[in-house]
Amino acid sequence: MSKIALVFFIGFELCYYLLIAQTGIVEYFNSNIYLIAPLPIGGVIGSFLSYKISAKSETKIKVFLFIQLLLTFFYPNFNLIELFILGVSVGALAPLVINELKKASYLEIGLALVISYSVGTLLFNYDPAKREFIALLFTFIVFISSFFLPNEKEKTNNNLVSSSLLIMILWIFLDSALFETLSRNSDISIWRNGYTFEIIVFHILGVISAFKINLQKFENELFIIILFALSYLFYFLEESFLLSIFYPFVISYYNVTILKALRKIELKKLSIYMIFIGWIASGAGLFTALENLTLFVPTIFLVVFIQFLYTQKNIQTKEKECIN
């Protein structure tokens with residue numbers, strides 16, 4: 001029972017973030033940065049509060065979920081104060097939810113992500129102004145699930161090589177910029193052009209591949225960058241079908257890679273990471289999309305790729321020197 005609750009807890013809170021906090025509110029307020037600014041500001045503060053408040057994680061989770069549930073009754077007609085408080089609750093829950101991943105096996109994490117991607121994709125085209133029932137249902141499921149979470153913590157493999165914060169910020173930025181651009185492009189929006197089945201299938205394949213494929217740190221990061229490069233290429237070429245294959249795959253793959261790394265980090269450090277990953281990087285991606293700067297993203301690819309190869313060459317040189 002506790003393991004099922006954990007899967008539902010993670011999966012539907014991620015659904016809430018995608019369909020309500022990330023797309024529902026943003027679209028309802030017509031992507032007006034000034035109107036939605038209280039949400040990310042509250043999110044940053046909430047991330048700090050997630051570890052600053054001296055209480056058990058289980059207690060903090062229930063309190064912030066209760067706040068989220070109360071505010072959801074007002075969706076989507078939030079005023080600035082309500083948006084700020086919702087941001088605080090969502091921002092605090094993000095590191096707390098990821099912290100709960102320490103109790104989950106890879107299978108359970110995979111199932112939670114499959115729920116999130118599948119449900120999120122199926123409901124993506126639902127009118128943002130009419131998602132109040134969805135928001136309430138998801139929050140209610142997560143809130144009830146929080147009472148049945150397991151107490152034990154699974155031992156994690158601390159020998160796994162984690163990706164750096166900078167590379168994770170890059171992945172989130174690339175994803176956010178492309179996602180926000182696609183969601184506003186009626187010509188090549190893969191979610192609105194009949195590719196729901198392909199998107200769900202390749203989301204699932206991305207999750208499975210991320211757990212099954214064992215690559216070295218450099219190879220794994222290079223693989224993800226190449227997948228993002230292909231996704232952007234197919235976007236610029238307006239190849240919707242190929243985009244519906246590669247883009248969902250890389251979203252799932254890199255997210256699993258990030259979650260694998262984050263589940264080994266203590267809550268305090270995790271909260272700081274979430275500020276950069278969950279708010280700053282995604283906010284930069286949203287700004288890029290709104291200002292129609294997506295065309296310049298390939299330049300970032302080139303700079304990062306050159307730096308990436310240069311860093312790797314230095315590492316290999318130092319390793320050879322140590323051997324000699």
# chains A, B, ... in the order shown; residues from 1 in each chain; ligands from 1

$ residues_around --residues "range 36-48 of chain A" --least-positions-apart "2" --cutoff "7 Å" --atoms "only C-alpha atoms" --output "mmCIF file with all heavy atoms, in the first residue's frame"
data_model
loop_
_atom_site.group_PDB
_atom_site.id
_atom_site.type_symbol
_atom_site.label_atom_id
_atom_site.label_comp_id
_atom_site.auth_asym_id
_atom_site.auth_seq_id
_atom_site.Cartn_x
_atom_site.Cartn_y
_atom_site.Cartn_z
ATOM 1 N N VAL A 26 0.179 29.811 -16.671
ATOM 2 C CA VAL A 26 0.892 30.636 -17.655
ATOM 3 C C VAL A 26 -0.003 30.949 -18.851
ATOM 4 O O VAL A 26 -0.082 32.091 -19.315
ATOM 5 C CB VAL A 26 2.187 29.935 -18.117
ATOM 6 C CG1 VAL A 26 2.833 30.707 -19.262
ATOM 7 C CG2 VAL A 26 3.168 29.801 -16.961
ATOM 8 N N ASN A 32 1.881 36.503 -19.571
ATOM 9 C CA ASN A 32 2.314 37.826 -19.119
ATOM 10 C C ASN A 32 3.249 37.670 -17.925
ATOM 11 O O ASN A 32 2.823 37.311 -16.822
ATOM 12 C CB ASN A 32 1.102 38.679 -18.738
ATOM 13 C CG ASN A 32 1.471 40.123 -18.459
ATOM 14 O OD1 ASN A 32 2.463 40.416 -17.789
ATOM 15 N ND2 ASN A 32 0.680 41.045 -18.983
ATOM 16 N N ILE A 33 4.531 37.923 -18.155
ATOM 17 C CA ILE A 33 5.544 37.687 -17.126
ATOM 18 C C ILE A 33 5.268 38.495 -15.864
ATOM 19 O O ILE A 33 5.494 38.019 -14.741
ATOM 20 C CB ILE A 33 6.946 38.015 -17.678
ATOM 21 C CG1 ILE A 33 7.317 37.020 -18.787
ATOM 22 C CG2 ILE A 33 7.990 37.966 -16.572
ATOM 23 C CD1 ILE A 33 8.661 37.257 -19.420
ATOM 24 N N TYR A 34 4.770 39.704 -16.024
ATOM 25 C CA TYR A 34 4.528 40.569 -14.867
ATOM 26 C C TYR A 34 3.373 40.042 -14.017
ATOM 27 O O TYR A 34 3.392 40.160 -12.784
ATOM 28 C CB TYR A 34 4.235 41.991 -15.336
ATOM 29 C CG TYR A 34 5.388 42.617 -16.077
ATOM 30 C CD1 TYR A 34 5.390 42.705 -17.468
ATOM 31 C CD2 TYR A 34 6.502 43.086 -15.385
ATOM 32 C CE1 TYR A 34 6.458 43.256 -18.158
ATOM 33 C CE2 TYR A 34 7.581 43.641 -16.060
ATOM 34 C CZ TYR A 34 7.552 43.720 -17.447
ATOM 35 O OH TYR A 34 8.626 44.256 -18.121
ATOM 36 N N SER A 50 11.480 24.884 2.599
ATOM 37 C CA SER A 50 11.375 23.425 2.667
ATOM 38 C C SER A 50 12.392 22.818 3.627
ATOM 39 O O SER A 50 12.149 21.754 4.202
ATOM 40 C CB SER A 50 11.538 22.809 1.269
ATOM 41 O OG SER A 50 12.849 23.028 0.776
ATOM 42 N N TYR A 51 13.555 23.479 3.793
ATOM 43 C CA TYR A 51 14.538 22.958 4.752
ATOM 44 C C TYR A 51 14.726 23.879 5.956
ATOM 45 O O TYR A 51 15.235 23.450 7.005
ATOM 46 C CB TYR A 51 15.886 22.706 4.058
ATOM 47 C CG TYR A 51 16.693 23.946 3.755
ATOM 48 C CD1 TYR A 51 17.569 24.490 4.698
ATOM 49 C CD2 TYR A 51 16.596 24.582 2.513
ATOM 50 C CE1 TYR A 51 18.311 25.624 4.411
ATOM 51 C CE2 TYR A 51 17.341 25.708 2.220
ATOM 52 C CZ TYR A 51 18.196 26.221 3.168
ATOM 53 O OH TYR A 51 18.927 27.349 2.882
ATOM 54 N N LYS A 52 14.315 25.150 5.856
ATOM 55 C CA LYS A 52 14.464 26.091 6.964
ATOM 56 C C LYS A 52 13.469 25.818 8.083
ATOM 57 O O LYS A 52 13.763 26.019 9.260
ATOM 58 C CB LYS A 52 14.281 27.524 6.453
ATOM 59 C CG LYS A 52 15.510 28.122 5.773
ATOM 60 C CD LYS A 52 16.643 28.316 6.767
ATOM 61 C CE LYS A 52 17.828 29.024 6.133
ATOM 62 N NZ LYS A 52 18.939 29.206 7.114
ATOM 63 N N LEU A 80 -2.583 38.367 -7.189
ATOM 64 C CA LEU A 80 -1.126 38.322 -7.019
ATOM 65 C C LEU A 80 -0.710 37.619 -5.726
ATOM 66 O O LEU A 80 0.262 36.856 -5.706
ATOM 67 C CB LEU A 80 -0.566 39.745 -7.043
ATOM 68 C CG LEU A 80 -0.725 40.515 -8.365
ATOM 69 C CD1 LEU A 80 -0.119 41.903 -8.248
ATOM 70 C CD2 LEU A 80 -0.082 39.755 -9.525
ATOM 71 N N LEU A 83 -1.295 33.837 -6.078
ATOM 72 C CA LEU A 83 -0.253 33.261 -6.932
ATOM 73 C C LEU A 83 1.059 33.089 -6.152
ATOM 74 O O LEU A 83 1.752 32.082 -6.287
ATOM 75 C CB LEU A 83 -0.005 34.154 -8.145
ATOM 76 C CG LEU A 83 -0.783 33.858 -9.436
ATOM 77 C CD1 LEU A 83 -0.387 34.846 -10.509
ATOM 78 C CD2 LEU A 83 -0.556 32.436 -9.903
ATOM 79 N N PHE A 84 1.375 34.094 -5.342
ATOM 80 C CA PHE A 84 2.596 34.038 -4.541
ATOM 81 C C PHE A 84 2.543 32.879 -3.543
ATOM 82 O O PHE A 84 3.504 32.103 -3.427
ATOM 83 C CB PHE A 84 2.790 35.360 -3.791
ATOM 84 C CG PHE A 84 3.935 35.342 -2.813
ATOM 85 C CD1 PHE A 84 5.241 35.454 -3.253
ATOM 86 C CD2 PHE A 84 3.698 35.199 -1.454
ATOM 87 C CE1 PHE A 84 6.298 35.423 -2.351
ATOM 88 C CE2 PHE A 84 4.742 35.170 -0.545
ATOM 89 C CZ PHE A 84 6.043 35.289 -0.999
ATOM 90 N N ILE A 85 1.420 32.743 -2.845
ATOM 91 C CA ILE A 85 1.292 31.669 -1.846
ATOM 92 C C ILE A 85 1.318 30.301 -2.523
ATOM 93 O O ILE A 85 1.928 29.356 -2.009
ATOM 94 C CB ILE A 85 -0.005 31.839 -1.030
ATOM 95 C CG1 ILE A 85 0.039 33.159 -0.251
ATOM 96 C CG2 ILE A 85 -0.191 30.674 -0.053
ATOM 97 C CD1 ILE A 85 -1.249 33.480 0.481
ATOM 98 N N LEU A 86 0.658 30.199 -3.681
ATOM 99 C CA LEU A 86 0.704 28.939 -4.427
ATOM 100 C C LEU A 86 2.142 28.628 -4.836
ATOM 101 O O LEU A 86 2.582 27.469 -4.765
ATOM 102 C CB LEU A 86 -0.182 29.018 -5.670
ATOM 103 C CG LEU A 86 -0.228 27.745 -6.533
ATOM 104 C CD1 LEU A 86 -0.854 26.599 -5.746
ATOM 105 C CD2 LEU A 86 -1.000 27.993 -7.825
ATOM 106 N N GLY A 87 2.875 29.660 -5.264
ATOM 107 C CA GLY A 87 4.279 29.463 -5.613
ATOM 108 C C GLY A 87 5.090 28.957 -4.434
ATOM 109 O O GLY A 87 5.947 28.082 -4.588
ATOM 110 N N VAL A 88 4.809 29.499 -3.247
ATOM 111 C CA VAL A 88 5.506 29.050 -2.030
ATOM 112 C C VAL A 88 5.248 27.565 -1.785
ATOM 113 O O VAL A 88 6.176 26.794 -1.510
ATOM 114 C CB VAL A 88 5.068 29.880 -0.809
ATOM 115 C CG1 VAL A 88 5.615 29.265 0.479
ATOM 116 C CG2 VAL A 88 5.534 31.325 -0.932
ATOM 117 N N SER A 89 3.980 27.158 -1.900
ATOM 118 C CA SER A 89 3.644 25.754 -1.629
ATOM 119 C C SER A 89 4.250 24.823 -2.678
ATOM 120 O O SER A 89 4.838 23.786 -2.339
ATOM 121 C CB SER A 89 2.122 25.573 -1.577
ATOM 122 O OG SER A 89 1.515 25.853 -2.819
ATOM 123 N N VAL A 90 4.141 25.184 -3.960
ATOM 124 C CA VAL A 90 4.707 24.353 -5.028
ATOM 125 C C VAL A 90 6.232 24.324 -4.927
ATOM 126 O O VAL A 90 6.865 23.274 -5.091
ATOM 127 C CB VAL A 90 4.283 24.874 -6.422
ATOM 128 C CG1 VAL A 90 5.020 24.133 -7.527
ATOM 129 C CG2 VAL A 90 2.781 24.717 -6.609
ATOM 130 N N GLY A 91 6.825 25.489 -4.621
ATOM 131 C CA GLY A 91 8.281 25.569 -4.491
ATOM 132 C C GLY A 91 8.807 24.751 -3.334
ATOM 133 O O GLY A 91 9.875 24.136 -3.428
ATOM 134 N N ALA A 92 8.073 24.726 -2.237
ATOM 135 C CA ALA A 92 8.490 23.939 -1.072
ATOM 136 C C ALA A 92 8.306 22.446 -1.318
ATOM 137 O O ALA A 92 9.111 21.619 -0.883
ATOM 138 C CB ALA A 92 7.696 24.368 0.156
ATOM 139 N N PRO A 95 11.363 20.133 -3.679
ATOM 140 C CA PRO A 95 12.468 19.383 -3.053
ATOM 141 C C PRO A 95 11.989 18.308 -2.086
ATOM 142 O O PRO A 95 12.632 17.268 -1.946
ATOM 143 C CB PRO A 95 13.268 20.469 -2.322
ATOM 144 C CG PRO A 95 12.342 21.623 -2.178
ATOM 145 C CD PRO A 95 11.419 21.565 -3.340
ATOM 146 N N SER A 271 17.289 21.715 -1.991
ATOM 147 C CA SER A 271 16.463 22.918 -2.092
ATOM 148 C C SER A 271 17.157 24.000 -2.916
ATOM 149 O O SER A 271 16.518 24.688 -3.722
ATOM 150 C CB SER A 271 16.143 23.456 -0.690
ATOM 151 O OG SER A 271 15.464 22.485 0.072
ATOM 152 N N MET A 274 17.048 23.070 -6.553
ATOM 153 C CA MET A 274 15.731 23.255 -7.157
ATOM 154 C C MET A 274 15.468 24.705 -7.523
ATOM 155 O O MET A 274 14.700 24.992 -8.440
ATOM 156 C CB MET A 274 14.637 22.741 -6.228
ATOM 157 C CG MET A 274 14.603 21.225 -6.079
ATOM 158 S SD MET A 274 14.611 20.352 -7.671
ATOM 159 C CE MET A 274 13.098 20.953 -8.406
ATOM 160 N N ILE A 275 16.090 25.628 -6.818
ATOM 161 C CA ILE A 275 15.947 27.046 -7.169
ATOM 162 C C ILE A 275 16.533 27.292 -8.554
ATOM 163 O O ILE A 275 15.924 27.955 -9.397
ATOM 164 C CB ILE A 275 16.640 27.936 -6.115
ATOM 165 C CG1 ILE A 275 15.870 27.869 -4.796
ATOM 166 C CG2 ILE A 275 16.720 29.384 -6.615
ATOM 167 C CD1 ILE A 275 16.555 28.599 -3.663
ATOM 168 N N TRP A 279 13.367 26.855 -11.140
ATOM 169 C CA TRP A 279 12.835 28.210 -11.321
ATOM 170 C C TRP A 279 13.700 29.066 -12.246
ATOM 171 O O TRP A 279 13.190 29.682 -13.178
ATOM 172 C CB TRP A 279 12.660 28.877 -9.959
ATOM 173 C CG TRP A 279 11.696 28.137 -9.092
ATOM 174 C CD1 TRP A 279 11.989 27.343 -8.018
ATOM 175 C CD2 TRP A 279 10.276 28.076 -9.254
ATOM 176 N NE1 TRP A 279 10.844 26.797 -7.501
ATOM 177 C CE2 TRP A 279 9.769 27.228 -8.227
ATOM 178 C CE3 TRP A 279 9.378 28.656 -10.156
ATOM 179 C CZ2 TRP A 279 8.421 26.952 -8.092
ATOM 180 C CZ3 TRP A 279 8.021 28.382 -10.022
ATOM 181 C CH2 TRP A 279 7.556 27.543 -8.999
#

$ residues_around --residues "range 134-149 of chain A" --least-positions-apart "6" --cutoff "7 Å" --atoms "only C-alpha atoms" --output "VMD selection string"
chain A and resid 2 5 to 6 8 to 9 12 to 13 16 20 62 65 69 72

$ write_last_selection --atoms "C-alpha atoms" --output "PDB file, in the first residue's frame"
ATOM      1  CA  SER A   2       2.773   2.447   0.962  1.00  0.00           C
ATOM      2  CA  ALA A   5       0.894   5.647  -2.380  1.00  0.00           C
ATOM      3  CA  LEU A   6       4.456   6.762  -3.102  1.00  0.00           C
ATOM      4  CA  PHE A   8       0.733   8.210  -6.850  1.00  0.00           C
ATOM      5  CA  PHE A   9       2.258  10.895  -4.619  1.00  0.00           C
ATOM      6  CA  PHE A  12       0.291  13.225  -9.648  1.00  0.00           C
ATOM      7  CA  GLU A  13       2.246  16.047  -8.017  1.00  0.00           C
ATOM      8  CA  TYR A  16      -0.077  19.124 -11.103  1.00  0.00           C
ATOM      9  CA  ILE A  20      -1.448  23.691 -13.518  1.00  0.00           C
ATOM     10  CA  LYS A  62       1.035  17.685   4.486  1.00  0.00           C
ATOM     11  CA  LEU A  65      -0.192  20.183   0.224  1.00  0.00           C
ATOM     12  CA  LEU A  69      -5.416  22.244  -2.007  1.00  0.00           C
ATOM     13  CA  THR A  72      -6.625  25.267  -5.959  1.00  0.00           C
TER      14      THR A  72
END

$ closest_residue --among "A:Leu170, A:Ser176, A:Lys102, A:Ser189" --to "Glu221 in chain A" --atoms "only C-alpha atoms"
A:Leu170

$ residues_around --residues "range 108-118 of chain A" --least-positions-apart "2" --cutoff "6 Å" --atoms "only C-alpha atoms" --output "count of residues only"
12

$ closest_residue --among "A:Ile245, A:Leu290, A:Leu182, A:Ile167" --to "Lys217 in chain A" --atoms "only C-alpha atoms"
A:Ile167

$ closest_residue --among "A:Leu178, A:Val256, A:Leu71, A:Met168" --to "Leu230 in chain A" --atoms "only C-alpha atoms"
A:Leu178

$ select_by_dssp --residues "range 3-60 of chain A" --states "alpha helix (DSSP H)" --output "PyMOL selection string"
chain A and resi 3-16+24-28+33-36+38-52+57-60

$ write_last_selection --atoms "N, CA and C atoms" --output "CSV table (one decimal), in the first residue's frame"
chain,number,residue,atom,x,y,z
A,3,LYS,N,3.9,1.7,-1.1
A,3,LYS,CA,4.6,1.8,-2.3
A,3,LYS,C,3.7,2.4,-3.4
A,4,ILE,N,2.5,1.9,-3.4
A,4,ILE,CA,1.5,2.5,-4.4
A,4,ILE,C,1.2,3.9,-4.1
A,5,ALA,N,1.1,4.3,-2.8
A,5,ALA,CA,0.9,5.6,-2.4
A,5,ALA,C,2.1,6.5,-2.8
A,6,LEU,N,3.3,6.0,-2.7
A,6,LEU,CA,4.5,6.8,-3.1
A,6,LEU,C,4.5,7.0,-4.6
A,7,VAL,N,4.1,6.1,-5.4
A,7,VAL,CA,4.0,6.2,-6.9
A,7,VAL,C,3.0,7.3,-7.2
A,8,PHE,N,1.8,7.2,-6.6
A,8,PHE,CA,0.7,8.2,-6.9
A,8,PHE,C,1.2,9.6,-6.4
A,9,PHE,N,1.8,9.6,-5.2
A,9,PHE,CA,2.3,10.9,-4.6
A,9,PHE,C,3.2,11.6,-5.6
A,10,ILE,N,4.2,10.9,-6.1
A,10,ILE,CA,5.2,11.5,-7.0
A,10,ILE,C,4.5,11.8,-8.4
A,11,GLY,N,3.8,10.9,-8.9
A,11,GLY,CA,3.3,11.0,-10.3
A,11,GLY,C,2.3,12.1,-10.4
A,12,PHE,N,1.3,12.2,-9.5
A,12,PHE,CA,0.3,13.2,-9.6
A,12,PHE,C,0.7,14.6,-9.2
A,13,GLU,N,1.7,14.7,-8.3
A,13,GLU,CA,2.2,16.0,-8.0
A,13,GLU,C,3.0,16.6,-9.2
A,14,LEU,N,3.7,15.7,-9.9
A,14,LEU,CA,4.4,16.1,-11.2
A,14,LEU,C,3.4,16.5,-12.2
A,15,CYS,N,2.2,15.8,-12.3
A,15,CYS,CA,1.1,16.2,-13.2
A,15,CYS,C,0.6,17.6,-12.8
A,16,TYR,N,0.4,17.8,-11.6
A,16,TYR,CA,-0.1,19.1,-11.1
A,16,TYR,C,0.9,20.2,-11.5
A,24,GLY,N,-1.0,25.6,-17.2
A,24,GLY,CA,-2.3,26.1,-16.9
A,24,GLY,C,-2.4,27.6,-16.5
A,25,ILE,N,-1.6,28.0,-15.5
A,25,ILE,CA,-1.6,29.3,-15.1
A,25,ILE,C,-0.9,30.3,-16.1
A,26,VAL,N,0.2,29.8,-16.7
A,26,VAL,CA,0.9,30.6,-17.7
A,26,VAL,C,0.0,30.9,-18.9
A,27,GLU,N,-0.7,29.9,-19.4
A,27,GLU,CA,-1.6,30.2,-20.5
A,27,GLU,C,-2.8,31.0,-20.1
A,28,TYR,N,-3.3,30.8,-19.0
A,28,TYR,CA,-4.5,31.5,-18.6
A,28,TYR,C,-4.2,33.0,-18.5
A,33,ILE,N,4.5,37.9,-18.2
A,33,ILE,CA,5.5,37.7,-17.1
A,33,ILE,C,5.3,38.5,-15.9
A,34,TYR,N,4.8,39.7,-16.0
A,34,TYR,CA,4.5,40.6,-14.9
A,34,TYR,C,3.4,40.0,-14.0
A,35,LEU,N,2.4,39.5,-14.7
A,35,LEU,CA,1.2,38.9,-13.9
A,35,LEU,C,1.6,37.6,-13.2
A,36,ILE,N,2.4,36.8,-13.8
A,36,ILE,CA,2.7,35.5,-13.2
A,36,ILE,C,4.0,35.5,-12.4
A,38,PRO,N,4.7,36.6,-9.4
A,38,PRO,CA,4.6,36.2,-8.0
A,38,PRO,C,4.8,34.7,-7.8
A,39,LEU,N,4.4,33.9,-8.8
A,39,LEU,CA,4.5,32.4,-8.7
A,39,LEU,C,6.0,32.0,-8.6
A,40,PRO,N,6.9,32.3,-9.5
A,40,PRO,CA,8.3,31.9,-9.3
A,40,PRO,C,9.0,32.6,-8.1
A,41,ILE,N,8.6,33.8,-7.8
A,41,ILE,CA,9.1,34.4,-6.6
A,41,ILE,C,8.8,33.6,-5.4
A,42,GLY,N,7.5,33.3,-5.3
A,42,GLY,CA,7.1,32.4,-4.2
A,42,GLY,C,7.7,31.0,-4.2
A,43,GLY,N,8.0,30.5,-5.4
A,43,GLY,CA,8.6,29.2,-5.6
A,43,GLY,C,10.0,29.2,-5.0
A,44,VAL,N,10.8,30.3,-5.2
A,44,VAL,CA,12.1,30.4,-4.7
A,44,VAL,C,12.1,30.4,-3.2
A,45,ILE,N,11.2,31.2,-2.6
A,45,ILE,CA,11.0,31.3,-1.2
A,45,ILE,C,10.6,30.0,-0.6
A,46,GLY,N,9.7,29.3,-1.3
A,46,GLY,CA,9.2,28.0,-0.8
A,46,GLY,C,10.3,27.0,-0.8
A,47,SER,N,11.2,27.0,-1.7
A,47,SER,CA,12.4,26.1,-1.7
A,47,SER,C,13.2,26.3,-0.5
A,48,PHE,N,13.5,27.6,-0.1
A,48,PHE,CA,14.2,27.8,1.1
A,48,PHE,C,13.5,27.3,2.3
A,49,LEU,N,12.2,27.5,2.4
A,49,LEU,CA,11.4,27.1,3.5
A,49,LEU,C,11.3,25.6,3.7
A,50,SER,N,11.5,24.9,2.6
A,50,SER,CA,11.4,23.4,2.7
A,50,SER,C,12.4,22.8,3.6
A,51,TYR,N,13.6,23.5,3.8
A,51,TYR,CA,14.5,23.0,4.8
A,51,TYR,C,14.7,23.9,6.0
A,52,LYS,N,14.3,25.2,5.9
A,52,LYS,CA,14.5,26.1,7.0
A,52,LYS,C,13.5,25.8,8.1
A,57,SER,N,9.8,16.1,7.6
A,57,SER,CA,9.4,16.2,6.2
A,57,SER,C,8.0,15.8,6.0
A,58,GLU,N,7.5,14.8,6.7
A,58,GLU,CA,6.1,14.3,6.5
A,58,GLU,C,5.1,15.4,6.9
A,59,THR,N,5.4,16.1,8.0
A,59,THR,CA,4.6,17.2,8.4
A,59,THR,C,4.6,18.4,7.4
A,60,LYS,N,5.8,18.7,6.9
A,60,LYS,CA,5.9,19.8,6.0
A,60,LYS,C,5.1,19.5,4.7

$ residues_around --residues "Thr181 in chain A" --least-positions-apart "5" --cutoff "8 Å" --atoms "only C-alpha atoms" --output "ChimeraX atom specification"
/A:289-290,292,294

$ write_last_selection --atoms "C-alpha atoms" --output "PDB file, in the first residue's frame"
ATOM      1  CA  ALA A 289      10.300  31.473 -25.916  1.00  0.00           C
ATOM      2  CA  LEU A 290       8.275  34.602 -25.175  1.00  0.00           C
ATOM      3  CA  ASN A 292      11.203  34.652 -29.804  1.00  0.00           C
ATOM      4  CA  THR A 294      14.695  30.212 -29.773  1.00  0.00           C
TER       5      THR A 294
END

$ residues_around --residues "Tyr235 in chain A" --least-positions-apart "6" --cutoff "12 Å" --atoms "only C-alpha atoms" --output "mmCIF file with C-alpha atoms, in the first residue's frame"
data_model
loop_
_atom_site.group_PDB
_atom_site.id
_atom_site.type_symbol
_atom_site.label_atom_id
_atom_site.label_comp_id
_atom_site.auth_asym_id
_atom_site.auth_seq_id
_atom_site.Cartn_x
_atom_site.Cartn_y
_atom_site.Cartn_z
ATOM 1 C CA ALA A 177 12.807 26.934 -24.205
ATOM 2 C CA LEU A 178 11.684 24.301 -26.720
ATOM 3 C CA PHE A 179 8.604 23.255 -24.747
ATOM 4 C CA THR A 181 8.063 27.600 -27.909
ATOM 5 C CA LEU A 182 6.202 24.520 -29.147
ATOM 6 C CA ASN A 185 3.296 27.418 -32.056
ATOM 7 C CA ASP A 187 1.873 25.034 -36.803
ATOM 8 C CA ILE A 188 4.186 22.498 -35.176
ATOM 9 C CA SER A 189 2.779 21.913 -31.685
ATOM 10 C CA ILE A 190 3.130 18.128 -31.510
ATOM 11 C CA PHE A 228 18.389 17.845 -27.708
ATOM 12 C CA ALA A 229 20.261 18.980 -30.828
ATOM 13 C CA PHE A 241 6.598 13.349 -36.596
ATOM 14 C CA LEU A 242 10.330 13.052 -35.922
ATOM 15 C CA LEU A 243 10.053 15.720 -33.244
ATOM 16 C CA SER A 244 7.272 13.731 -31.532
ATOM 17 C CA ILE A 245 9.720 10.811 -31.307
ATOM 18 C CA PHE A 246 13.005 12.418 -30.247
ATOM 19 C CA TYR A 247 11.756 15.219 -28.005
ATOM 20 C CA THR A 294 14.695 30.212 -29.773
ATOM 21 C CA LEU A 295 16.550 30.676 -33.051
ATOM 22 C CA VAL A 297 19.644 28.513 -28.880
ATOM 23 C CA PRO A 298 21.852 26.541 -31.360
#

$ closest_residue --among "A:Leu70, A:Ser183, A:Thr257, A:Phe197" --to "Leu215 in chain A" --atoms "only C-alpha atoms"
A:Thr257

$ closest_residue --among "A:Leu19, A:Trp171, A:Arg192, A:Glu100" --to "Val119 in chain A" --atoms "only C-alpha atoms"
A:Leu19

$ atom_distance --atom1 "CA of Tyr75 in chain A" --atom2 "CA of Ala129 in chain A"
8.2 Å

$ residues_around --residues "Ile265 in chain A" --least-positions-apart "5" --cutoff "10 Å" --atoms "only C-alpha atoms" --output "ChimeraX atom specification"
/A:98-99,102,158,260,270-271,273

$ decode --residues "range 218-228 of chain A" --atoms "N, CA, C and O atoms" --output "tab-separated table (two decimals), in the first residue's frame"
chain	number	residue	atom	x	y	z
A	218	PHE	N	30.51	11.19	-19.20
A	218	PHE	CA	30.74	11.97	-20.41
A	218	PHE	C	29.85	11.48	-21.55
A	218	PHE	O	29.22	12.27	-22.26
A	219	GLU	N	29.79	10.16	-21.73
A	219	GLU	CA	28.98	9.58	-22.80
A	219	GLU	C	27.50	9.89	-22.62
A	219	GLU	O	26.79	10.19	-23.58
A	220	ASN	N	27.04	9.80	-21.37
A	220	ASN	CA	25.62	10.05	-21.08
A	220	ASN	C	25.25	11.50	-21.34
A	220	ASN	O	24.22	11.80	-21.96
A	221	GLU	N	26.09	12.42	-20.89
A	221	GLU	CA	25.82	13.85	-21.10
A	221	GLU	C	25.88	14.21	-22.57
A	221	GLU	O	25.07	15.00	-23.06
A	222	LEU	N	26.83	13.62	-23.28
A	222	LEU	CA	26.94	13.86	-24.72
A	222	LEU	C	25.73	13.31	-25.45
A	222	LEU	O	25.20	13.95	-26.38
A	223	PHE	N	25.26	12.14	-25.04
A	223	PHE	CA	24.08	11.52	-25.64
A	223	PHE	C	22.85	12.42	-25.49
A	223	PHE	O	22.09	12.63	-26.44
A	224	ILE	N	22.68	13.00	-24.30
A	224	ILE	CA	21.53	13.88	-24.05
A	224	ILE	C	21.62	15.15	-24.88
A	224	ILE	O	20.63	15.62	-25.45
A	225	ILE	N	22.82	15.73	-24.97
A	225	ILE	CA	23.01	16.94	-25.78
A	225	ILE	C	22.70	16.67	-27.25
A	225	ILE	O	22.07	17.49	-27.94
A	226	ILE	N	23.13	15.51	-27.74
A	226	ILE	CA	22.85	15.15	-29.13
A	226	ILE	C	21.34	15.00	-29.36
A	226	ILE	O	20.80	15.46	-30.38
A	227	LEU	N	20.65	14.38	-28.41
A	227	LEU	CA	19.20	14.22	-28.53
A	227	LEU	C	18.49	15.58	-28.54
A	227	LEU	O	17.54	15.80	-29.29
A	228	PHE	N	18.96	16.50	-27.70
A	228	PHE	CA	18.39	17.84	-27.71
A	228	PHE	C	18.68	18.55	-29.03
A	228	PHE	O	17.81	19.25	-29.58
